[in-house]
$ cat structure-v2.txt   # compact mmCIF, C-alpha atoms
# COMPACT_ATOMS: atom_id res chain seq x y z
CA MET A 35 19.26 -77.42 3.14
CA SER A 36 15.65 -76.68 4.01
CA PHE A 37 15.05 -72.92 3.95
CA LYS A 38 12.95 -71.74 6.86
CA GLY A 39 12.51 -68.24 5.56
CA PHE A 40 9.13 -69.06 3.99
CA LYS A 41 6.04 -68.04 5.96
CA TYR A 42 4.14 -70.90 7.56
CA GLY A 43 1.24 -71.84 5.36
CA THR A 44 2.20 -69.47 2.49
CA ASN A 45 4.46 -69.47 -0.53
CA ARG A 46 5.62 -65.88 -0.07
CA PHE A 47 9.36 -65.50 -0.37
CA SER A 48 11.17 -63.52 2.33
CA VAL A 49 14.60 -62.09 1.55
CA ARG A 50 15.29 -61.75 5.27
CA GLY A 51 14.24 -65.35 5.83
CA PHE A 52 16.33 -66.52 2.87
CA LEU A 53 19.44 -64.78 4.22
CA ALA A 54 18.72 -66.04 7.73
CA ALA A 55 18.49 -69.59 6.37
CA ILE A 56 21.86 -69.23 4.64
CA PHE A 57 23.69 -67.74 7.61
CA ARG A 58 21.92 -69.67 10.37
CA PRO A 59 24.47 -72.55 10.35
CA PHE A 60 27.24 -70.01 10.98
CA MET A 61 25.46 -68.24 13.84
CA ASN A 62 25.78 -69.22 17.48
CA SER A 63 22.67 -70.98 18.71
CA PRO A 64 21.43 -69.70 22.10
CA SER A 65 21.72 -72.09 25.04
CA ASP A 66 20.69 -69.70 27.81
CA ALA A 67 17.12 -70.95 28.34
CA PRO A 68 17.15 -74.27 30.23
CA GLY A 69 14.37 -76.59 29.12
CA VAL A 70 13.97 -74.87 25.76
CA PHE A 71 17.29 -73.70 24.28
CA THR A 72 20.06 -75.99 25.54
CA SER A 73 23.58 -77.00 24.60
CA GLY A 74 22.85 -80.73 24.89
CA ASP A 75 20.04 -83.29 24.83
CA SER A 76 17.72 -83.46 27.81
CA LYS A 77 14.47 -85.21 28.59
CA ASN A 78 12.25 -84.21 31.49
CA ASP A 79 8.87 -85.10 32.85
CA VAL A 80 6.48 -82.20 32.36
CA GLY A 81 6.65 -81.36 36.09
CA GLN A 82 10.43 -81.22 35.99
CA TRP A 83 10.22 -79.15 32.82
CA GLN A 84 7.96 -76.61 34.55
CA THR A 85 10.46 -76.36 37.42
CA LEU A 86 13.23 -75.55 34.90
CA LEU A 87 11.10 -72.84 33.33
CA LEU A 88 10.16 -71.25 36.64
CA GLY A 89 13.84 -71.01 37.53
CA ASN A 90 14.80 -68.98 34.46
CA ASP A 91 13.09 -65.85 33.10
CA LEU A 92 14.26 -66.44 29.53
CA SER A 93 12.94 -70.01 29.52
CA SER A 94 9.52 -69.02 30.83
CA GLN A 95 9.25 -66.19 28.26
CA CYS A 96 9.91 -68.35 25.19
CA GLN A 97 6.79 -68.31 23.01
CA LEU A 98 5.05 -71.22 21.31
CA GLU A 99 4.97 -70.30 17.64
CA ARG A 100 3.81 -73.58 16.14
CA ILE A 101 2.73 -77.05 17.21
CA VAL A 102 2.90 -80.02 14.82
CA TYR A 103 0.78 -83.16 15.16
CA CYS A 104 2.87 -86.24 14.20
CA LYS A 105 2.06 -89.92 13.76
CA CYS A 106 4.32 -92.92 13.27
CA THR A 107 3.52 -94.72 10.03
CA THR A 108 4.80 -98.14 11.14
CA GLY A 109 4.42 -100.34 14.20
CA LYS A 110 1.91 -99.09 16.76
CA GLU A 111 1.31 -95.76 14.98
CA HIS A 112 2.34 -93.73 18.01
CA GLU A 113 1.27 -90.07 18.06
CA PHE A 114 3.33 -87.21 19.43
CA LEU A 115 3.71 -83.44 19.12
CA LEU A 116 6.48 -81.08 18.04
CA LEU A 117 6.54 -77.73 19.84
CA HIS A 118 8.27 -74.82 18.07
CA PHE A 119 9.40 -72.18 20.59
CA ARG A 120 10.90 -68.84 19.61
CA HIS A 121 13.63 -67.26 21.73
CA PRO A 122 12.47 -64.04 23.49
CA ILE A 123 15.66 -62.12 22.60
CA GLN A 124 17.25 -63.82 19.58
CA GLN A 125 14.11 -63.68 17.49
CA ASP A 126 15.60 -65.75 14.65
CA ALA A 127 16.20 -68.72 16.97
CA VAL A 128 13.53 -71.45 17.13
CA ALA A 129 13.83 -74.60 19.25
CA ILE A 130 11.81 -77.72 18.43
CA LEU A 131 10.76 -79.77 21.46
CA VAL A 132 9.22 -83.23 21.36
CA LEU A 133 6.20 -83.94 23.58
CA ASP A 134 4.61 -87.33 24.04
CA ARG A 135 3.10 -89.84 26.46
CA ILE A 136 4.30 -93.40 26.98
CA PRO A 137 3.92 -95.97 29.75
CA ALA A 138 6.61 -95.37 32.37
CA SER A 139 7.84 -98.95 31.85
CA ASP A 140 8.53 -98.22 28.16
CA SER A 141 11.45 -95.84 28.70
CA THR A 142 15.07 -96.63 29.36
CA GLU A 143 17.86 -94.35 30.55
CA ASN A 144 20.74 -93.54 28.24
CA ASN A 145 24.24 -92.88 29.51
CA ASN A 146 23.65 -89.13 29.26
CA GLY A 147 20.68 -89.32 31.60
CA SER A 148 18.05 -88.76 28.93
CA SER A 149 15.35 -91.29 28.28
CA ARG A 150 15.06 -93.05 24.91
CA GLN A 151 11.64 -94.50 24.11
CA VAL A 152 11.14 -97.97 22.75
CA ILE A 153 8.26 -97.00 20.49
CA GLN A 154 7.90 -99.76 17.97
CA SER A 155 8.35 -102.85 20.13
CA SER A 156 6.02 -102.44 23.07
CA TYR A 157 4.19 -99.18 22.88
CA ILE A 158 0.56 -100.32 23.03
CA VAL A 159 0.23 -102.85 25.81
CA SER A 160 -2.22 -105.72 25.93
CA PRO A 161 -5.78 -104.78 26.97
CA SER A 162 -5.51 -107.31 29.78
CA VAL A 163 -2.67 -105.38 31.42
CA SER A 164 -3.72 -103.07 34.26
CA PRO A 165 -3.17 -99.31 33.84
CA THR A 166 0.41 -98.31 34.50
CA PRO A 167 1.97 -94.96 35.42
CA ALA A 168 2.34 -92.69 32.43
CA ARG A 169 5.40 -90.70 31.51
CA ASP A 170 4.53 -87.39 29.91
CA SER A 171 7.83 -85.90 28.83
CA ILE A 172 9.53 -83.11 26.91
CA PHE A 173 12.66 -83.78 24.88
CA THR A 174 15.01 -80.87 24.17
CA THR A 175 17.95 -80.87 21.83
CA PRO A 176 20.39 -78.17 20.63
CA ASN A 177 18.86 -75.67 18.23
CA ASN A 178 19.99 -77.10 14.92
CA GLY A 179 18.25 -79.14 12.29
CA SER A 180 20.51 -82.18 12.38
CA ALA A 181 20.10 -82.78 16.13
CA ILE A 182 16.30 -82.86 16.13
CA ASP A 183 16.16 -84.82 12.86
CA SER A 184 18.56 -87.38 14.27
CA TYR A 185 16.47 -87.79 17.40
CA LEU A 186 13.18 -88.11 15.51
CA SER A 187 14.51 -90.67 13.04
CA GLY A 188 16.25 -92.68 15.75
CA THR A 189 13.25 -92.67 18.10
CA TYR A 190 10.21 -92.86 15.83
CA GLU A 191 11.76 -94.23 12.62
CA GLN A 192 9.11 -93.37 10.02
CA PHE A 193 6.44 -90.79 10.81
CA LYS A 194 4.40 -88.12 9.09
CA ARG A 195 3.12 -84.71 10.02
CA LEU A 196 -0.67 -84.70 10.08
CA SER A 197 -1.33 -81.04 10.81
CA HIS A 198 0.14 -77.92 12.34
CA LEU A 199 -1.26 -75.14 14.46
CA ASP A 200 0.22 -71.62 14.14
CA PHE A 201 -0.35 -68.94 16.76
CA ALA A 202 -0.56 -65.24 15.96
CA ALA A 203 2.53 -63.31 17.06
CA SER A 204 0.44 -61.19 19.45
CA ALA A 205 -1.26 -64.18 21.09
CA ARG A 206 1.36 -66.90 21.44
CA PRO A 207 1.31 -68.92 24.66
CA SER A 208 4.48 -68.69 26.72
CA ALA A 209 6.48 -71.76 27.66
CA ILE A 210 5.32 -71.45 31.27
CA GLN A 211 1.68 -71.37 30.15
CA VAL A 212 2.24 -74.51 28.07
CA SER A 213 3.84 -76.20 31.08
CA VAL A 214 0.81 -75.37 33.24
CA LEU A 215 -1.45 -77.04 30.66
CA LEU A 216 0.77 -80.13 30.44
CA CYS A 217 0.89 -80.47 34.22
CA ALA A 218 -2.91 -80.17 34.29
CA LEU A 219 -3.12 -83.12 31.86
CA SER A 220 -0.71 -85.24 33.88
CA ASN A 221 -2.55 -84.48 37.11
CA HIS A 222 -5.87 -85.26 35.48
CA SER A 223 -4.66 -88.68 34.35
CA PRO A 224 -1.32 -89.81 35.81
CA THR A 225 -1.84 -93.36 34.47
CA TYR A 226 -1.49 -94.77 30.96
CA ASN A 227 -4.75 -96.50 30.02
CA LEU A 228 -5.18 -98.22 26.67
CA TYR A 229 -8.87 -97.39 26.38
CA GLN A 230 -8.86 -93.77 27.52
CA TYR A 231 -5.54 -92.15 28.45
CA GLN A 232 -3.04 -93.27 25.83
CA CYS A 233 -0.82 -91.28 23.48
CA TYR A 234 -3.79 -90.55 21.20
CA TRP A 235 -5.70 -88.97 24.08
CA TYR A 236 -2.66 -87.00 25.17
CA ALA A 237 -1.79 -85.50 21.78
CA HIS A 238 -5.44 -84.78 20.98
CA THR A 239 -6.17 -83.12 24.35
CA VAL A 240 -3.06 -80.93 24.26
CA TRP A 241 -3.93 -79.87 20.72
CA GLU A 242 -7.58 -79.06 21.35
CA ALA A 243 -6.92 -77.41 24.73
CA LEU A 244 -4.39 -75.05 23.16
CA LYS A 245 -6.89 -74.16 20.46
CA ARG A 246 -9.51 -73.38 23.09
CA LEU A 247 -7.23 -71.50 25.47
CA PHE A 248 -5.46 -69.50 22.74
CA PRO A 249 -8.04 -69.18 19.95
CA ASP A 250 -6.06 -66.67 17.86
CA CYS A 251 -4.44 -69.47 15.85
CA HIS A 252 -4.65 -71.13 12.45
CA GLU A 253 -4.89 -74.89 11.92
CA THR A 254 -3.64 -76.51 8.74
CA THR A 255 -4.41 -80.16 7.98
CA LEU A 256 -1.81 -81.99 5.93
CA SER A 257 -3.06 -85.56 6.24
CA GLY A 258 -5.77 -87.54 8.01
CA GLY A 259 -5.43 -90.37 10.50
CA ARG A 260 -5.42 -88.68 13.89
CA SER A 261 -6.39 -90.98 16.80
CA ARG A 262 -6.58 -94.01 14.52
CA TYR A 263 -4.78 -97.34 14.52
CA LEU A 264 -4.75 -99.26 11.23
CA GLY A 265 -7.50 -96.90 10.11
CA VAL A 266 -9.76 -97.71 13.06
CA LYS A 267 -10.69 -94.91 15.43
CA VAL A 268 -9.18 -95.39 18.88
CA GLU A 269 -11.39 -94.66 21.87
CA LYS A 270 -10.13 -91.98 24.23
CA ALA A 271 -11.46 -89.86 27.05
CA ASP A 272 -12.95 -86.45 26.33
CA SER A 273 -11.02 -84.29 28.77
CA VAL A 274 -10.54 -80.98 26.97
CA GLU A 275 -13.05 -79.00 29.01
CA VAL A 276 -11.99 -80.26 32.42
CA VAL A 277 -8.30 -79.88 31.58
CA CYS A 278 -8.93 -76.27 30.50
CA GLU A 279 -10.69 -75.65 33.82
CA HIS A 280 -7.69 -77.11 35.66
CA TYR A 281 -5.41 -74.89 33.58
CA HIS A 282 -7.33 -71.74 34.49
CA THR A 283 -7.19 -72.67 38.19
CA GLN A 284 -3.45 -73.39 38.14
CA TRP A 285 -2.63 -70.37 36.00
CA ALA A 286 -4.60 -68.13 38.36
CA ARG A 287 -2.50 -69.47 41.23
CA ILE A 288 0.73 -68.73 39.36
CA GLU A 289 -0.47 -65.23 38.47
CA ASN A 290 -1.56 -64.61 42.08
CA ALA A 291 1.81 -65.80 43.34
CA ALA A 292 3.55 -63.54 40.84
CA GLU A 293 1.33 -60.64 41.89
CA GLU A 294 2.12 -61.31 45.55
CA ARG A 295 5.84 -61.34 44.73
CA ARG A 296 5.43 -58.09 42.81
CA LYS A 297 3.56 -56.45 45.68
CA ALA A 298 6.13 -57.73 48.17
CA LYS A 299 8.87 -56.22 46.01
CA GLU A 300 6.98 -52.93 45.80
CA ASP A 301 6.47 -52.96 49.57
CA GLU A 302 10.17 -53.61 50.05
CA VAL A 303 11.07 -50.74 47.73
CA ARG A 304 8.51 -48.50 49.46
CA GLN A 305 9.88 -49.44 52.87
CA LEU A 306 13.43 -48.73 51.74
CA ARG A 307 12.29 -45.42 50.31
CA MET A 308 10.50 -44.54 53.57
CA GLU A 309 13.56 -45.53 55.55
CA GLY A 310 15.65 -43.41 53.24
CA GLN A 311 13.25 -40.50 53.73
CA ALA A 312 13.32 -41.04 57.49
CA GLU A 313 17.10 -41.07 57.39
CA GLY A 314 16.94 -37.91 55.30
CA ARG A 315 14.68 -36.25 57.87
CA ILE A 316 17.00 -37.35 60.67
CA GLU A 317 19.96 -35.96 58.78
CA GLU A 318 18.05 -32.72 58.15
CA ARG A 319 17.14 -32.42 61.81
CA ALA A 320 20.75 -33.10 62.76
CA ARG A 321 21.92 -30.47 60.30
CA CYS A 322 19.41 -27.94 61.67
CA GLN A 323 20.42 -28.79 65.24
CA ALA A 324 24.06 -28.30 64.30
CA GLU A 325 23.20 -24.90 62.83
CA ILE A 326 21.29 -23.98 65.99
CA ASP A 327 24.18 -25.14 68.15
CA ARG A 328 26.62 -23.09 66.08
CA ALA A 329 24.37 -20.00 66.30
CA THR A 330 23.94 -20.51 70.05
CA ARG A 331 27.67 -20.84 70.56
CA LYS A 332 28.23 -17.71 68.48
CA ALA A 333 25.61 -15.77 70.44
CA ASN A 334 27.05 -16.99 73.72
CA GLU A 335 30.52 -15.97 72.61
CA GLU A 336 29.29 -12.53 71.58
CA THR A 337 27.52 -12.16 74.95
CA ARG A 338 30.65 -13.24 76.76
CA GLN A 339 32.72 -10.73 74.80
CA LYS A 340 30.20 -7.96 75.55
CA GLU A 341 30.18 -8.86 79.24
CA GLU A 342 33.98 -8.90 79.21
CA ALA A 343 34.01 -5.46 77.56
CA VAL A 344 31.57 -4.16 80.19
CA ARG A 345 33.68 -5.68 82.94
CA LYS A 346 36.80 -4.08 81.53
CA ALA A 347 35.02 -0.71 81.20
CA GLU A 348 33.78 -0.95 84.78
CA GLU A 349 37.29 -1.91 85.88
CA ALA A 350 38.68 1.13 84.04
CA VAL A 351 36.10 3.38 85.73
CA ARG A 352 36.93 1.85 89.10
CA ARG A 353 40.63 2.44 88.51
CA ALA A 354 39.99 6.03 87.38
CA GLU A 355 37.91 6.69 90.45
CA GLU A 356 40.61 5.12 92.63
CA ALA A 357 43.26 7.31 90.99
CA GLU A 358 41.08 10.38 91.46
CA ARG A 359 40.55 9.49 95.11
CA LYS A 360 44.26 9.01 95.66
CA ALA A 361 45.00 12.31 93.91
CA GLU A 362 42.47 14.03 96.14
CA GLU A 363 44.01 12.50 99.22
CA ALA A 364 47.47 13.56 98.05
CA ARG A 365 46.23 17.13 97.46
CA LYS A 366 44.66 17.27 100.87
CA ALA A 367 47.80 15.87 102.46
CA GLU A 368 49.85 18.49 100.62
CA GLU A 369 47.49 21.22 101.86
CA ARG A 370 47.82 19.98 105.43
CA VAL A 371 51.61 19.97 105.17
CA ARG A 372 51.56 23.48 103.69
CA ALA A 373 49.18 24.70 106.39
CA GLU A 374 51.32 23.17 109.12
CA TRP A 375 54.44 24.68 107.57
CA GLN A 376 52.75 28.10 107.33
CA ALA A 377 51.58 27.82 110.91
CA GLU A 378 55.09 26.97 112.01
CA ILE A 379 56.49 29.98 110.17
CA ASP A 380 53.81 32.20 111.62
CA ARG A 381 54.65 30.89 115.12
CA MET A 382 58.35 31.43 114.63
CA ARG A 383 57.73 35.00 113.26
CA ALA A 384 55.55 35.84 116.23
CA GLN A 385 58.17 34.51 118.62
CA TYR A 386 60.88 36.48 116.90
CA GLU A 387 58.79 39.65 117.05
CA ARG A 388 58.23 39.14 120.79
CA GLN A 389 61.87 38.72 121.40
CA ALA A 390 62.69 41.78 119.35
CA ALA A 391 60.29 43.88 121.26

$ encode --input "structure-v2.txt" --output "structure tokens"
Amino acid sequence: MSFKGFKYGTNRFSVRGFLAAIFRPFMNSPSDAPGVFTSGDSKNDVGQWQTLLLGNDLSSQCQLERIVYCKCTTGKEHEFLLLHFRHPIQQDAVAILVLDRIPASDSTENNNGSSRQVIQSSYIVSPSVSPTPARDSIFTTPNNGSAIDSYLSGTYEQFKRLSHLDFAASARPSAIQVSVLLCALSNHSPTYNLYQYQCYWYAHTVWEALKRLFPDCHETTLSGGRSRYLGVKVEKADSVEVVCEHYHTQWARIENAAEERRKAKEDEVRQLRMEGQAEGRIEERARCQAEIDRATRKANEETRQKEEAVRKAEEAVRRAEEAERKAEEARKAEERVRAEWQAEIDRMRAQYERQAA
């Protein structure tokens, strides 16, 4: 077992790293970041790889902790890179991805859909052959030592690590930033050219561009031989500066697009908040109107009751006056009857007195 608890480039022993190395085989490896942490093997062109990252937040947030420069020690001495990405949540999980460039004609499809390179037999084509389309690809395998070791030994047979580049924890490039750089390389030279744009150019340019774009890093050389075949230096194009310019342009576009999405989201939230406030004002106005309507109805009812009381009082007065009038008429009628009766008595008395006389 190779313990990974030792600090890169130091001999300091870490108890936490030692324990992590012991228990790592018994821990579940994350597979929730397509293109970086997966449950099976996958191989994608760098453009396809970027699409995977853009479709998953965890994938795009994985950070490049280390990059290793590798060289085959037999055959055509192919050069490739190992990218060590750390998971953004499970900080103890590190996935190792394989990055290289080959002619598109030098890859064959396996039954699982991934592409297996034929490195040793036909990697460097004859100088008389015209430039062919290049395949710049990323290979991903489950996060365990045996899977990546099996792939490396089966694909490249014998190879050695020439150097490694470690990025400070506070300045590690994200997976999406790495994908932007790789796409910039592929767009700069989509063809495989023996004299300029071969695997040596690709590995060298990725390496140097990362150093320039993310300078807070430390390079450790383990062995010489970069960009050499049988000890002879291989000519390649000097594209670091122009590729970095392409990276800045493309990254600015991605950041601008992200900023536009952020502003659009903020505008949407603001609009929803304003609509909510408008609805609140409408509800408040409706509540106030309901209160006014209730008060108006109450006032109208009180007015009606007062008017009804006045009407009843006036009706009572009218009835009292009518009763008084009728009583007066009755009294007068009684007085008339009494007067007539008295007059009749007086007439009868006078008549009687006349007869008596």

$ residues_around --input "structure-v2.txt" --residues "A:Gly259" --least-positions-apart "4" --cutoff "12 Å" --atoms "all atoms listed in the file" --output "list of chain:residue names"
A:Tyr103, A:Cys104, A:Lys105, A:Cys106, A:Thr107, A:Glu111, A:His112, A:Glu113, A:Phe193, A:Lys194, A:Arg195, A:Leu196, A:Ser197, A:Tyr234, A:His238, A:Thr255, A:Tyr263, A:Leu264, A:Gly265, A:Val266, A:Lys267, A:Val268

$ atom_distance --input "structure-v2.txt" --atom1 "atom CA of A:Leu88" --atom2 "atom CA of A:Gly69"
10.1 Å

$ closest_residue --input "structure-v2.txt" --among "A:Lys110, A:Lys245, A:Arg345, A:Arg328" --to "A:Ser261" --atoms "only C-alpha atoms"
A:Lys110

$ residues_around --input "structure-v2.txt" --residues "stretch 165-179 of chain A" --least-positions-apart "4" --cutoff "7 Å" --atoms "all atoms listed in the file" --output "list in words"
Ser63, Gly69, Val70, Phe71, Thr72, Ser73, Gly74, Asp75, Ser76, Lys77, Asn78, Asp79, Val80, Val128, Ala129, Leu131, Val132, Leu133, Asp134, Arg135, Ile136, Pro137, Ala138, Asp183, Ser220, Pro224, Thr225, Tyr226 and Asn227 of chain A

$ closest_residue --input "structure-v2.txt" --among "A:Asn90, A:Ser139, A:Gln376, A:Ser257" --to "A:Ile210" --atoms "all atoms listed in the file"
A:Asn90

$ closest_residue --input "structure-v2.txt" --among "A:Tyr236, A:Tyr231, A:Trp241, A:Trp285" --to "A:Ser208" --atoms "all atoms listed in the file"
A:Trp285

$ residues_around --input "structure-v2.txt" --residues "A:Ala209" --least-positions-apart "3" --cutoff "12 Å" --atoms "all atoms listed in the file" --output "MDAnalysis selection string"
chainID A and resid 67:71 80 83:88 90:100 117:122 129 131 172 206 212:216

$ write_last_selection --input "structure-v2.txt" --atoms "C-alpha atoms" --output "mmCIF file, keeping the file's coordinate frame"
data_model
loop_
_atom_site.group_PDB
_atom_site.id
_atom_site.type_symbol
_atom_site.label_atom_id
_atom_site.label_comp_id
_atom_site.auth_asym_id
_atom_site.auth_seq_id
_atom_site.Cartn_x
_atom_site.Cartn_y
_atom_site.Cartn_z
ATOM 1 C CA ALA A 67 17.120 -70.950 28.340
ATOM 2 C CA PRO A 68 17.150 -74.270 30.230
ATOM 3 C CA GLY A 69 14.370 -76.590 29.120
ATOM 4 C CA VAL A 70 13.970 -74.870 25.760
ATOM 5 C CA PHE A 71 17.290 -73.700 24.280
ATOM 6 C CA VAL A 80 6.480 -82.200 32.360
ATOM 7 C CA TRP A 83 10.220 -79.150 32.820
ATOM 8 C CA GLN A 84 7.960 -76.610 34.550
ATOM 9 C CA THR A 85 10.460 -76.360 37.420
ATOM 10 C CA LEU A 86 13.230 -75.550 34.900
ATOM 11 C CA LEU A 87 11.100 -72.840 33.330
ATOM 12 C CA LEU A 88 10.160 -71.250 36.640
ATOM 13 C CA ASN A 90 14.800 -68.980 34.460
ATOM 14 C CA ASP A 91 13.090 -65.850 33.100
ATOM 15 C CA LEU A 92 14.260 -66.440 29.530
ATOM 16 C CA SER A 93 12.940 -70.010 29.520
ATOM 17 C CA SER A 94 9.520 -69.020 30.830
ATOM 18 C CA GLN A 95 9.250 -66.190 28.260
ATOM 19 C CA CYS A 96 9.910 -68.350 25.190
ATOM 20 C CA GLN A 97 6.790 -68.310 23.010
ATOM 21 C CA LEU A 98 5.050 -71.220 21.310
ATOM 22 C CA GLU A 99 4.970 -70.300 17.640
ATOM 23 C CA ARG A 100 3.810 -73.580 16.140
ATOM 24 C CA LEU A 117 6.540 -77.730 19.840
ATOM 25 C CA HIS A 118 8.270 -74.820 18.070
ATOM 26 C CA PHE A 119 9.400 -72.180 20.590
ATOM 27 C CA ARG A 120 10.900 -68.840 19.610
ATOM 28 C CA HIS A 121 13.630 -67.260 21.730
ATOM 29 C CA PRO A 122 12.470 -64.040 23.490
ATOM 30 C CA ALA A 129 13.830 -74.600 19.250
ATOM 31 C CA LEU A 131 10.760 -79.770 21.460
ATOM 32 C CA ILE A 172 9.530 -83.110 26.910
ATOM 33 C CA ARG A 206 1.360 -66.900 21.440
ATOM 34 C CA VAL A 212 2.240 -74.510 28.070
ATOM 35 C CA SER A 213 3.840 -76.200 31.080
ATOM 36 C CA VAL A 214 0.810 -75.370 33.240
ATOM 37 C CA LEU A 215 -1.450 -77.040 30.660
ATOM 38 C CA LEU A 216 0.770 -80.130 30.440
#

$ atom_distance --input "structure-v2.txt" --atom1 "atom CA of A:Phe248" --atom2 "atom CA of A:His222"
20.3 Å

$ atom_distance --input "structure-v2.txt" --atom1 "atom CA of A:Val102" --atom2 "atom CA of A:Cys251"
12.9 Å

$ axis_aligned_box --input "structure-v2.txt" --around "stretch 333-337 of chain A" --padding-each-side "6 Å" --output "JSON"
{"center_x": 28.1, "center_y": -14.6, "center_z": 72.7, "size_x": 16.9, "size_y": 16.8, "size_z": 16.5}

$ decode --input "structure-v2.txt" --residues "stretch 128-142 of chain A" --atoms "N, CA, C and O atoms" --output "compact mmCIF listing (two decimals), in the first residue's frame"
# COMPACT_ATOMS: atom_id res chain seq x y z
N VAL A 128 -9.34 12.31 -3.89
CA VAL A 128 -8.57 12.87 -5.01
C VAL A 128 -8.71 11.95 -6.21
O VAL A 128 -8.48 10.74 -6.10
N ALA A 129 -9.11 12.51 -7.34
CA ALA A 129 -9.24 11.75 -8.58
C ALA A 129 -8.06 12.07 -9.49
O ALA A 129 -7.63 13.23 -9.59
N ILE A 130 -7.51 11.05 -10.13
CA ILE A 130 -6.39 11.24 -11.06
C ILE A 130 -6.90 11.05 -12.48
O ILE A 130 -7.38 9.97 -12.84
N LEU A 131 -6.80 12.10 -13.28
CA LEU A 131 -7.25 12.07 -14.67
C LEU A 131 -6.04 12.05 -15.58
O LEU A 131 -4.99 12.62 -15.25
N VAL A 132 -6.19 11.41 -16.72
CA VAL A 132 -5.10 11.30 -17.69
C VAL A 132 -5.41 12.19 -18.89
O VAL A 132 -6.47 12.09 -19.50
N LEU A 133 -4.46 13.07 -19.21
CA LEU A 133 -4.63 14.02 -20.31
C LEU A 133 -3.52 13.79 -21.33
O LEU A 133 -2.34 13.77 -20.97
N ASP A 134 -3.90 13.62 -22.58
CA ASP A 134 -2.87 13.54 -23.62
C ASP A 134 -3.44 13.88 -24.99
O ASP A 134 -4.64 14.10 -25.15
N ARG A 135 -2.52 13.95 -25.96
CA ARG A 135 -2.87 14.23 -27.36
C ARG A 135 -2.33 13.10 -28.22
O ARG A 135 -1.16 12.70 -28.09
N ILE A 136 -3.20 12.59 -29.11
CA ILE A 136 -2.80 11.60 -30.09
C ILE A 136 -3.47 11.94 -31.41
O ILE A 136 -4.44 12.70 -31.43
N PRO A 137 -2.97 11.39 -32.53
CA PRO A 137 -3.71 11.54 -33.78
C PRO A 137 -5.07 10.85 -33.65
O PRO A 137 -5.18 9.79 -33.02
N ALA A 138 -6.10 11.45 -34.22
CA ALA A 138 -7.44 10.86 -34.12
C ALA A 138 -7.48 9.45 -34.68
O ALA A 138 -8.26 8.61 -34.23
N SER A 139 -6.63 9.13 -35.64
CA SER A 139 -6.62 7.80 -36.24
C SER A 139 -5.99 6.76 -35.34
O SER A 139 -6.10 5.56 -35.58
N ASP A 140 -5.33 7.20 -34.25
CA ASP A 140 -4.63 6.27 -33.36
C ASP A 140 -5.44 5.90 -32.13
O ASP A 140 -4.90 5.54 -31.10
N SER A 141 -6.75 6.00 -32.20
CA SER A 141 -7.59 5.59 -31.07
C SER A 141 -8.66 4.65 -31.56
O SER A 141 -9.16 4.78 -32.66
N THR A 142 -8.95 3.66 -30.76
CA THR A 142 -10.00 2.70 -31.10
C THR A 142 -11.00 2.65 -29.97
O THR A 142 -10.66 2.86 -28.80
